[in-house]
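Q: This is work17.txt (compact mmCIF, C-alpha atoms).
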```
# COMPACT_ATOMS: atom_id res chain seq x y z
CA MET A 278 -0.19 -26.57 -4.75
CA ALA A 279 2.28 -27.86 -7.33
CA GLN A 280 2.21 -27.35 -11.07
CA LEU A 281 3.53 -29.18 -14.10
CA VAL A 282 3.79 -26.70 -16.98
CA VAL A 283 4.22 -28.03 -20.51
CA THR A 284 5.25 -25.45 -23.10
CA TYR A 285 4.76 -26.44 -26.73
CA GLY A 286 6.71 -24.71 -29.48
CA VAL A 287 4.94 -23.76 -32.70
CA PRO A 288 4.37 -27.04 -34.61
CA SER A 289 4.71 -27.60 -38.34
CA GLU A 290 0.93 -28.10 -38.66
CA PRO A 291 -0.88 -26.16 -35.94
CA ALA A 292 -4.36 -27.36 -36.94
CA ALA A 293 -3.25 -31.00 -36.78
CA PHE A 294 -1.62 -30.32 -33.39
CA ASP A 295 -4.81 -28.80 -32.03
CA ARG A 296 -6.95 -31.66 -33.28
CA HIS A 297 -4.66 -34.35 -31.87
CA TYR A 298 -4.33 -32.46 -28.60
CA SER A 299 -8.04 -32.10 -27.97
CA GLU A 300 -9.14 -35.48 -29.28
CA ILE A 301 -6.34 -37.73 -28.04
CA HIS A 302 -4.00 -35.99 -25.62
CA VAL A 303 -6.54 -34.30 -23.35
CA PRO A 304 -8.28 -37.59 -22.50
CA LEU A 305 -4.89 -39.18 -21.75
CA ALA A 306 -3.87 -36.26 -19.53
CA ARG A 307 -7.18 -36.18 -17.69
CA ALA A 308 -6.68 -39.81 -16.69
CA ILE A 309 -3.43 -39.03 -14.83
CA PRO A 310 -3.83 -39.88 -11.13
CA GLY A 311 -3.65 -36.95 -8.70
CA LEU A 312 -4.55 -34.32 -11.31
CA ARG A 313 -6.57 -31.57 -9.59
CA ARG A 314 -6.97 -29.00 -12.36
CA PHE A 315 -5.99 -28.88 -16.01
CA GLU A 316 -5.85 -25.64 -17.96
CA THR A 317 -4.37 -24.56 -21.24
CA THR A 318 -3.82 -21.34 -23.08
CA ARG A 319 -6.56 -20.39 -25.53
CA GLY A 320 -5.60 -18.39 -28.57
CA PRO A 321 -2.19 -16.85 -29.16
CA VAL A 322 0.63 -16.80 -26.61
CA LEU A 323 2.06 -13.29 -26.84
CA THR A 324 5.10 -11.39 -25.67
CA PRO A 325 4.95 -7.65 -24.94
CA GLU A 326 6.51 -7.17 -28.38
CA GLY A 327 4.09 -9.43 -30.27
CA PRO A 328 3.89 -13.13 -31.26
CA SER A 329 5.99 -15.67 -29.35
CA ASP A 330 7.53 -18.97 -30.45
CA VAL A 331 5.09 -20.77 -28.12
CA HIS A 332 2.02 -22.45 -29.60
CA MET A 333 0.37 -23.51 -26.36
CA ILE A 334 1.00 -23.96 -22.66
CA ALA A 335 -0.71 -26.62 -20.56
CA THR A 336 -0.73 -26.37 -16.77
CA LEU A 337 -1.51 -29.46 -14.73
CA HIS A 338 -2.18 -28.80 -11.05
CA PHE A 339 -1.42 -31.35 -8.33
CA ASP A 340 -1.35 -31.17 -4.56
CA THR A 341 2.41 -31.71 -4.20
CA LEU A 342 5.61 -32.24 -6.21
CA GLY A 343 5.54 -35.82 -4.91
CA ASP A 344 2.19 -36.28 -6.60
CA ILE A 345 3.72 -35.08 -9.88
CA ALA A 346 6.52 -37.62 -9.51
CA ALA A 347 3.95 -40.33 -8.83
CA ALA A 348 1.94 -39.18 -11.85
CA PHE A 349 5.00 -39.50 -14.10
CA ALA A 350 5.58 -43.03 -12.82
CA SER A 351 1.98 -44.14 -13.31
CA PRO A 352 0.82 -46.06 -16.41
CA GLU A 353 -1.52 -43.15 -17.24
CA GLY A 354 1.36 -40.65 -16.96
CA GLN A 355 3.57 -42.83 -19.11
CA ALA A 356 0.82 -43.09 -21.73
CA ALA A 357 0.36 -39.32 -21.82
CA ALA A 358 4.13 -38.73 -22.06
CA ALA A 359 4.45 -41.33 -24.82
CA ASP A 360 1.81 -39.48 -26.86
CA VAL A 361 3.67 -36.14 -26.88
CA PRO A 362 6.02 -36.98 -29.78
CA ASN A 363 2.94 -37.87 -31.85
CA PHE A 364 1.90 -34.22 -32.15
CA ALA A 365 4.52 -31.89 -30.61
CA SER A 366 6.56 -31.28 -33.76
CA GLY A 367 7.62 -27.89 -32.39
CA GLY A 368 9.03 -29.44 -29.24
CA ALA A 369 7.74 -29.58 -25.68
CA SER A 370 9.50 -28.52 -22.48
CA MET A 371 8.35 -29.25 -18.96
CA LEU A 372 8.83 -27.37 -15.71
CA MET A 373 7.50 -28.37 -12.29
CA PHE A 374 7.39 -26.43 -9.05
CA ASP A 375 5.46 -25.59 -5.91
CA THR A 376 3.50 -22.36 -5.89
CA VAL A 377 2.50 -19.82 -3.29
CA GLU A 378 -0.18 -17.16 -3.54
CA LEU A 379 0.94 -13.66 -2.58
CA MET B 7 -9.09 -15.45 -17.36
CA ALA B 8 -5.83 -14.08 -18.73
CA GLN B 9 -2.35 -14.53 -17.35
CA LEU B 10 0.91 -12.63 -17.49
CA VAL B 11 3.74 -15.05 -16.75
CA VAL B 12 7.17 -13.66 -15.89
CA THR B 13 10.01 -16.20 -15.99
CA TYR B 14 13.22 -15.15 -14.23
CA GLY B 15 16.52 -16.81 -15.11
CA VAL B 16 18.93 -17.73 -12.32
CA PRO B 17 20.43 -14.44 -11.09
CA SER B 18 24.02 -13.81 -10.07
CA GLU B 19 22.99 -13.40 -6.42
CA PRO B 20 19.85 -15.41 -5.72
CA ALA B 21 19.55 -14.28 -2.10
CA ALA B 22 19.69 -10.60 -3.12
CA PHE B 23 17.12 -11.29 -5.85
CA ASP B 24 14.75 -12.93 -3.38
CA ARG B 25 15.10 -10.08 -0.89
CA HIS B 26 14.52 -7.37 -3.49
CA TYR B 27 11.62 -9.30 -4.97
CA SER B 28 9.73 -9.75 -1.72
CA GLU B 29 10.52 -6.37 -0.20
CA ILE B 30 10.28 -4.07 -3.22
CA HIS B 31 8.87 -5.81 -6.29
CA VAL B 32 5.91 -7.60 -4.72
CA PRO B 33 4.41 -4.36 -3.35
CA LEU B 34 4.87 -2.71 -6.76
CA ALA B 35 3.21 -5.63 -8.55
CA ARG B 36 0.32 -5.82 -6.09
CA ALA B 37 -0.50 -2.20 -6.87
CA ILE B 38 -1.09 -2.93 -10.57
CA PRO B 39 -4.72 -2.16 -11.50
CA GLY B 40 -6.86 -5.10 -12.54
CA LEU B 41 -4.67 -7.72 -10.83
CA ARG B 42 -6.93 -10.54 -9.61
CA ARG B 43 -4.41 -13.06 -8.29
CA PHE B 44 -0.65 -13.12 -7.91
CA GLU B 45 1.29 -16.31 -7.40
CA THR B 46 4.91 -17.32 -7.65
CA THR B 47 6.89 -20.49 -7.56
CA ARG B 48 8.23 -21.46 -4.15
CA GLY B 49 11.47 -23.38 -4.01
CA PRO B 50 13.25 -24.85 -7.02
CA VAL B 51 11.87 -24.87 -10.56
CA LEU B 52 12.67 -28.34 -11.87
CA THR B 53 12.67 -30.19 -15.17
CA PRO B 54 12.02 -33.94 -15.34
CA GLU B 55 15.80 -34.35 -15.59
CA GLY B 56 16.67 -32.12 -12.62
CA PRO B 57 17.43 -28.43 -12.03
CA SER B 58 16.35 -25.85 -14.61
CA ASP B 59 17.83 -22.51 -15.62
CA VAL B 60 14.77 -20.79 -14.13
CA HIS B 61 15.01 -19.16 -10.72
CA MET B 62 11.40 -18.19 -10.28
CA ILE B 63 8.15 -17.77 -12.19
CA ALA B 64 5.52 -15.18 -11.28
CA THR B 65 1.97 -15.49 -12.60
CA LEU B 66 -0.29 -12.45 -12.54
CA HIS B 67 -3.96 -13.17 -13.21
CA PHE B 68 -6.29 -10.67 -14.87
CA ASP B 69 -9.79 -10.89 -16.27
CA THR B 70 -8.82 -10.27 -19.90
CA LEU B 71 -5.83 -9.64 -22.18
CA GLY B 72 -7.13 -6.10 -22.52
CA ASP B 73 -6.73 -5.68 -18.78
CA ILE B 74 -3.10 -6.79 -19.08
CA ALA B 75 -2.53 -4.21 -21.79
CA ALA B 76 -4.12 -1.57 -19.58
CA ALA B 77 -1.99 -2.71 -16.65
CA PHE B 78 1.19 -2.30 -18.71
CA ALA B 79 0.13 1.21 -19.66
CA SER B 80 -0.71 2.27 -16.10
CA PRO B 81 1.73 4.20 -13.89
CA GLU B 82 1.76 1.27 -11.45
CA GLY B 83 2.55 -1.19 -14.24
CA GLN B 84 5.29 1.09 -15.56
CA ALA B 85 6.78 1.33 -12.06
CA ALA B 86 6.80 -2.46 -11.64
CA ALA B 87 8.35 -2.96 -15.09
CA ALA B 88 10.99 -0.31 -14.39
CA ASP B 89 12.00 -2.18 -11.23
CA VAL B 90 12.75 -5.48 -13.01
CA PRO B 91 16.28 -4.54 -14.18
CA ASN B 92 17.11 -3.69 -10.55
CA PHE B 93 17.11 -7.36 -9.52
CA ALA B 94 16.64 -9.65 -12.55
CA SER B 95 20.32 -10.16 -13.37
CA GLY B 96 19.49 -13.55 -14.88
CA GLY B 97 16.99 -12.03 -17.30
CA ALA B 98 13.21 -11.97 -17.35
CA SER B 99 10.86 -13.02 -20.12
CA MET B 100 7.15 -12.38 -20.29
CA LEU B 101 4.31 -14.29 -21.91
CA MET B 102 0.63 -13.39 -21.86
CA PHE B 103 -2.40 -15.39 -22.93
CA ASP B 104 -5.98 -16.31 -22.25
CA THR B 105 -6.62 -19.59 -20.46
CA VAL B 106 -9.37 -22.18 -20.49
CA GLU B 107 -10.01 -24.90 -17.93
CA LEU B 108 -10.44 -28.39 -19.37
```
For this file, write the structure as structure tokens.
A:
Amino acid sequence: MAQLVVTYGVPSEPAAFDRHYSEIHVPLARAIPGLRRFETTRGPVLTPEGPSDVHMIATLHFDTLGDIAAAFASPEGQAAAADVPNFASGGASMLMFDTVEL
Amino acid sequence: MAQLVVTYGVPSEPAAFDRHYSEIHVPLARAIPGLRRFETTRGPVLTPEGPSDVHMIATLHFDTLGDIAAAFASPEGQAAAADVPNFASGGASMLMFDTVEL
């Protein structure tokens, strides 16, 4: 399995972020071709010392890294990516990788 | 479900990191009480623009955030945490959170 992990920094208006994310961004992300599973953090993202500078993490699961590349190139992927600046005032960083279960 | 995500920066000697991780750290981590699933990245961790400054990400799955707290407090969790400085020359950061599937 391959994962695309999107880490969102704390936005200027967290409630507005959450509303936009659930009402607009989730439907856009769910339409991305090749998406197998879609999960997000719920509640605070913590460090061992306490609060972090992360508001939310979304993990999109695909079969392969090639499928993630294809998803980025698709109209649905482009639409989801184009929506990110509309709500991610705290920034968004993306990492992608293959995974193995130990 | 709750996750503990450990992100390792690129170490000074990646091959030595990988050897220590698989031979010594994985057995220590697998012994942590309450651990439900254990997965790591395999191969490079990429950004949309290319290579990242991340060498590897380990995700430890537990039932609840309380179980993660208990795991940290356990002798097995303490032993795994104490081993991290032995190989993580590129640093290690930890985040923990509850997840929800969309």
Q: Once chain A is fitted onto chain B by least squares over all its in-order Cα atoms, send the moved chain as a PDB file with C-alpha atoms, in the coordinates of the input.
A:
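Written output follows (part-v8.pdb):
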```pdb
ATOM      1  CA  MET A 278      -9.096 -15.470 -17.349  1.00  0.00           C
ATOM      2  CA  ALA A 279      -5.841 -14.086 -18.731  1.00  0.00           C
ATOM      3  CA  GLN A 280      -2.355 -14.539 -17.354  1.00  0.00           C
ATOM      4  CA  LEU A 281       0.904 -12.634 -17.493  1.00  0.00           C
ATOM      5  CA  VAL A 282       3.746 -15.063 -16.758  1.00  0.00           C
ATOM      6  CA  VAL A 283       7.170 -13.669 -15.895  1.00  0.00           C
ATOM      7  CA  THR A 284      10.014 -16.185 -15.985  1.00  0.00           C
ATOM      8  CA  TYR A 285      13.215 -15.150 -14.231  1.00  0.00           C
ATOM      9  CA  GLY A 286      16.514 -16.794 -15.112  1.00  0.00           C
ATOM     10  CA  VAL A 287      18.924 -17.733 -12.335  1.00  0.00           C
ATOM     11  CA  PRO A 288      20.437 -14.437 -11.078  1.00  0.00           C
ATOM     12  CA  SER A 289      24.034 -13.812 -10.072  1.00  0.00           C
ATOM     13  CA  GLU A 290      22.991 -13.391  -6.415  1.00  0.00           C
ATOM     14  CA  PRO A 291      19.852 -15.412  -5.710  1.00  0.00           C
ATOM     15  CA  ALA A 292      19.535 -14.274  -2.084  1.00  0.00           C
ATOM     16  CA  ALA A 293      19.695 -10.613  -3.123  1.00  0.00           C
ATOM     17  CA  PHE A 294      17.113 -11.309  -5.854  1.00  0.00           C
ATOM     18  CA  ASP A 295      14.750 -12.920  -3.372  1.00  0.00           C
ATOM     19  CA  ARG A 296      15.102 -10.089  -0.886  1.00  0.00           C
ATOM     20  CA  HIS A 297      14.530  -7.371  -3.485  1.00  0.00           C
ATOM     21  CA  TYR A 298      11.628  -9.304  -4.975  1.00  0.00           C
ATOM     22  CA  SER A 299       9.740  -9.755  -1.732  1.00  0.00           C
ATOM     23  CA  GLU A 300      10.503  -6.381  -0.189  1.00  0.00           C
ATOM     24  CA  ILE A 301      10.279  -4.089  -3.212  1.00  0.00           C
ATOM     25  CA  HIS A 302       8.878  -5.814  -6.282  1.00  0.00           C
ATOM     26  CA  VAL A 303       5.897  -7.595  -4.731  1.00  0.00           C
ATOM     27  CA  PRO A 304       4.415  -4.357  -3.353  1.00  0.00           C
ATOM     28  CA  LEU A 305       4.873  -2.705  -6.765  1.00  0.00           C
ATOM     29  CA  ALA A 306       3.220  -5.636  -8.547  1.00  0.00           C
ATOM     30  CA  ARG A 307       0.334  -5.817  -6.100  1.00  0.00           C
ATOM     31  CA  ALA A 308      -0.506  -2.193  -6.865  1.00  0.00           C
ATOM     32  CA  ILE A 309      -1.084  -2.930 -10.574  1.00  0.00           C
ATOM     33  CA  PRO A 310      -4.706  -2.146 -11.492  1.00  0.00           C
ATOM     34  CA  GLY A 311      -6.851  -5.109 -12.562  1.00  0.00           C
ATOM     35  CA  LEU A 312      -4.667  -7.717 -10.839  1.00  0.00           C
ATOM     36  CA  ARG A 313      -6.927 -10.537  -9.597  1.00  0.00           C
ATOM     37  CA  ARG A 314      -4.419 -13.072  -8.285  1.00  0.00           C
ATOM     38  CA  PHE A 315      -0.656 -13.114  -7.917  1.00  0.00           C
ATOM     39  CA  GLU A 316       1.290 -16.320  -7.409  1.00  0.00           C
ATOM     40  CA  THR A 317       4.904 -17.316  -7.653  1.00  0.00           C
ATOM     41  CA  THR A 318       6.891 -20.494  -7.568  1.00  0.00           C
ATOM     42  CA  ARG A 319       8.239 -21.466  -4.155  1.00  0.00           C
ATOM     43  CA  GLY A 320      11.466 -23.397  -4.011  1.00  0.00           C
ATOM     44  CA  PRO A 321      13.254 -24.852  -7.017  1.00  0.00           C
ATOM     45  CA  VAL A 322      11.863 -24.880 -10.556  1.00  0.00           C
ATOM     46  CA  LEU A 323      12.660 -28.353 -11.866  1.00  0.00           C
ATOM     47  CA  THR A 324      12.678 -30.204 -15.151  1.00  0.00           C
ATOM     48  CA  PRO A 325      12.026 -33.957 -15.325  1.00  0.00           C
ATOM     49  CA  GLU A 326      15.805 -34.349 -15.579  1.00  0.00           C
ATOM     50  CA  GLY A 327      16.670 -32.114 -12.614  1.00  0.00           C
ATOM     51  CA  PRO A 328      17.444 -28.405 -12.021  1.00  0.00           C
ATOM     52  CA  SER A 329      16.340 -25.849 -14.621  1.00  0.00           C
ATOM     53  CA  ASP A 330      17.838 -22.499 -15.624  1.00  0.00           C
ATOM     54  CA  VAL A 331      14.758 -20.789 -14.136  1.00  0.00           C
ATOM     55  CA  HIS A 332      15.024 -19.155 -10.716  1.00  0.00           C
ATOM     56  CA  MET A 333      11.388 -18.182 -10.299  1.00  0.00           C
ATOM     57  CA  ILE A 334       8.138 -17.775 -12.186  1.00  0.00           C
ATOM     58  CA  ALA A 335       5.511 -15.187 -11.286  1.00  0.00           C
ATOM     59  CA  THR A 336       1.964 -15.496 -12.608  1.00  0.00           C
ATOM     60  CA  LEU A 337      -0.288 -12.456 -12.551  1.00  0.00           C
ATOM     61  CA  HIS A 338      -3.953 -13.187 -13.232  1.00  0.00           C
ATOM     62  CA  PHE A 339      -6.287 -10.663 -14.863  1.00  0.00           C
ATOM     63  CA  ASP A 340      -9.785 -10.900 -16.261  1.00  0.00           C
ATOM     64  CA  THR A 341      -8.809 -10.283 -19.898  1.00  0.00           C
ATOM     65  CA  LEU A 342      -5.813  -9.652 -22.175  1.00  0.00           C
ATOM     66  CA  GLY A 343      -7.134  -6.095 -22.514  1.00  0.00           C
ATOM     67  CA  ASP A 344      -6.743  -5.682 -18.776  1.00  0.00           C
ATOM     68  CA  ILE A 345      -3.109  -6.797 -19.069  1.00  0.00           C
ATOM     69  CA  ALA A 346      -2.525  -4.202 -21.781  1.00  0.00           C
ATOM     70  CA  ALA A 347      -4.127  -1.561 -19.575  1.00  0.00           C
ATOM     71  CA  ALA A 348      -1.984  -2.708 -16.647  1.00  0.00           C
ATOM     72  CA  PHE A 349       1.192  -2.285 -18.712  1.00  0.00           C
ATOM     73  CA  ALA A 350       0.120   1.236 -19.652  1.00  0.00           C
ATOM     74  CA  SER A 351      -0.714   2.274 -16.094  1.00  0.00           C
ATOM     75  CA  PRO A 352       1.735   4.216 -13.887  1.00  0.00           C
ATOM     76  CA  GLU A 353       1.752   1.268 -11.449  1.00  0.00           C
ATOM     77  CA  GLY A 354       2.560  -1.172 -14.280  1.00  0.00           C
ATOM     78  CA  GLN A 355       5.302   1.089 -15.556  1.00  0.00           C
ATOM     79  CA  ALA A 356       6.778   1.329 -12.056  1.00  0.00           C
ATOM     80  CA  ALA A 357       6.785  -2.448 -11.651  1.00  0.00           C
ATOM     81  CA  ALA A 358       8.350  -2.951 -15.102  1.00  0.00           C
ATOM     82  CA  ALA A 359      10.988  -0.302 -14.389  1.00  0.00           C
ATOM     83  CA  ASP A 360      12.007  -2.178 -11.227  1.00  0.00           C
ATOM     84  CA  VAL A 361      12.756  -5.476 -13.011  1.00  0.00           C
ATOM     85  CA  PRO A 362      16.278  -4.539 -14.175  1.00  0.00           C
ATOM     86  CA  ASN A 363      17.110  -3.685 -10.549  1.00  0.00           C
ATOM     87  CA  PHE A 364      17.106  -7.352  -9.526  1.00  0.00           C
ATOM     88  CA  ALA A 365      16.640  -9.648 -12.556  1.00  0.00           C
ATOM     89  CA  SER A 366      20.319 -10.164 -13.363  1.00  0.00           C
ATOM     90  CA  GLY A 367      19.486 -13.550 -14.889  1.00  0.00           C
ATOM     91  CA  GLY A 368      17.001 -12.018 -17.296  1.00  0.00           C
ATOM     92  CA  ALA A 369      13.213 -11.962 -17.342  1.00  0.00           C
ATOM     93  CA  SER A 370      10.863 -13.032 -20.133  1.00  0.00           C
ATOM     94  CA  MET A 371       7.148 -12.383 -20.288  1.00  0.00           C
ATOM     95  CA  LEU A 372       4.318 -14.302 -21.911  1.00  0.00           C
ATOM     96  CA  MET A 373       0.627 -13.384 -21.858  1.00  0.00           C
ATOM     97  CA  PHE A 374      -2.400 -15.376 -22.927  1.00  0.00           C
ATOM     98  CA  ASP A 375      -5.999 -16.307 -22.241  1.00  0.00           C
ATOM     99  CA  THR A 376      -6.636 -19.579 -20.464  1.00  0.00           C
ATOM    100  CA  VAL A 377      -9.364 -22.181 -20.483  1.00  0.00           C
ATOM    101  CA  GLU A 378     -10.015 -24.895 -17.928  1.00  0.00           C
ATOM    102  CA  LEU A 379     -10.441 -28.384 -19.368  1.00  0.00           C
TER     103      LEU A 379
END
```
Q: Which residues, written as an MDAnalysis selection string, have at least one atom at most 6 Å from B:Phe103, with all atoms listed in the file counted and residues fewer than 2 positions away on the same chain left out?
A: (chainID A and resid 322) or (chainID B and resid 8:9)
Q: Residues of chain B within 12 Å of chain A, counting only C-alpha atoms - could you list those as a short mmCIF file (atom, residue, chain, number, x, y, z; two decimals) with C-alpha atoms, keeping the file's coordinate frame?
A:
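iface.cif was written with the following content:
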```cif
data_model
loop_
_atom_site.label_atom_id
_atom_site.label_comp_id
_atom_site.auth_asym_id
_atom_site.auth_seq_id
_atom_site.Cartn_x
_atom_site.Cartn_y
_atom_site.Cartn_z
CA MET B 7 -9.09 -15.45 -17.36
CA ALA B 8 -5.83 -14.08 -18.73
CA GLN B 9 -2.35 -14.53 -17.35
CA LEU B 10 0.91 -12.63 -17.49
CA VAL B 11 3.74 -15.05 -16.75
CA VAL B 12 7.17 -13.66 -15.89
CA THR B 13 10.01 -16.20 -15.99
CA TYR B 27 11.62 -9.30 -4.97
CA SER B 28 9.73 -9.75 -1.72
CA HIS B 31 8.87 -5.81 -6.29
CA VAL B 32 5.91 -7.60 -4.72
CA PRO B 33 4.41 -4.36 -3.35
CA ALA B 35 3.21 -5.63 -8.55
CA ARG B 36 0.32 -5.82 -6.09
CA LEU B 41 -4.67 -7.72 -10.83
CA ARG B 42 -6.93 -10.54 -9.61
CA ARG B 43 -4.41 -13.06 -8.29
CA PHE B 44 -0.65 -13.12 -7.91
CA GLU B 45 1.29 -16.31 -7.40
CA THR B 46 4.91 -17.32 -7.65
CA THR B 47 6.89 -20.49 -7.56
CA ARG B 48 8.23 -21.46 -4.15
CA GLY B 49 11.47 -23.38 -4.01
CA PRO B 50 13.25 -24.85 -7.02
CA VAL B 51 11.87 -24.87 -10.56
CA LEU B 52 12.67 -28.34 -11.87
CA THR B 53 12.67 -30.19 -15.17
CA PRO B 54 12.02 -33.94 -15.34
CA GLU B 55 15.80 -34.35 -15.59
CA GLY B 56 16.67 -32.12 -12.62
CA PRO B 57 17.43 -28.43 -12.03
CA SER B 58 16.35 -25.85 -14.61
CA ASP B 59 17.83 -22.51 -15.62
CA VAL B 60 14.77 -20.79 -14.13
CA HIS B 61 15.01 -19.16 -10.72
CA MET B 62 11.40 -18.19 -10.28
CA ILE B 63 8.15 -17.77 -12.19
CA ALA B 64 5.52 -15.18 -11.28
CA THR B 65 1.97 -15.49 -12.60
CA LEU B 66 -0.29 -12.45 -12.54
CA HIS B 67 -3.96 -13.17 -13.21
CA THR B 70 -8.82 -10.27 -19.90
CA LEU B 71 -5.83 -9.64 -22.18
CA ILE B 74 -3.10 -6.79 -19.08
CA ALA B 75 -2.53 -4.21 -21.79
CA ALA B 77 -1.99 -2.71 -16.65
CA PHE B 78 1.19 -2.30 -18.71
CA ALA B 79 0.13 1.21 -19.66
CA ALA B 87 8.35 -2.96 -15.09
CA ALA B 98 13.21 -11.97 -17.35
CA SER B 99 10.86 -13.02 -20.12
CA MET B 100 7.15 -12.38 -20.29
CA LEU B 101 4.31 -14.29 -21.91
CA MET B 102 0.63 -13.39 -21.86
CA PHE B 103 -2.40 -15.39 -22.93
CA ASP B 104 -5.98 -16.31 -22.25
CA THR B 105 -6.62 -19.59 -20.46
CA VAL B 106 -9.37 -22.18 -20.49
CA GLU B 107 -10.01 -24.90 -17.93
CA LEU B 108 -10.44 -28.39 -19.37
#
```
Q: For B:Gln84, which residue out of B:Leu34, B:Phe23, B:Gly96, B:Gly72 is the nearest one, using only C-alpha atoms?
A: B:Leu34
Q: Calculate how many Å separate atom CA of A:His297 from atom CA of A:Pro362, rounding to one decimal.
A: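 Computing it gives 11.2 Å between the two atoms.
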Q: Mind giving me the straight-line distance from atom CA of B:Phe93 to atom CA of B:Glu29 in Å, one decimal?
A: 11.5 Å
Q: Take atom CA of B:Ala86 and atom CA of B:Ala22 and report the distance between them in Å, one decimal.
A: 17.5 Å
Q: Neighbours of B:Ser95 within 10 Å (all atoms listed in the file; same-chain residues fewer than 5 positions away dropped), as a PDB file with C-alpha atoms, in the coordinates of the input?
A:
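For reference, around.pdb as written:
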```pdb
ATOM      1  CA  TYR B  14      13.220 -15.150 -14.230  1.00  0.00           C
ATOM      2  CA  GLY B  15      16.520 -16.810 -15.110  1.00  0.00           C
ATOM      3  CA  VAL B  16      18.930 -17.730 -12.320  1.00  0.00           C
ATOM      4  CA  PRO B  17      20.430 -14.440 -11.090  1.00  0.00           C
ATOM      5  CA  SER B  18      24.020 -13.810 -10.070  1.00  0.00           C
ATOM      6  CA  GLU B  19      22.990 -13.400  -6.420  1.00  0.00           C
ATOM      7  CA  PRO B  20      19.850 -15.410  -5.720  1.00  0.00           C
ATOM      8  CA  PHE B  23      17.120 -11.290  -5.850  1.00  0.00           C
ATOM      9  CA  VAL B  90      12.750  -5.480 -13.010  1.00  0.00           C
TER      10      VAL B  90
END
```
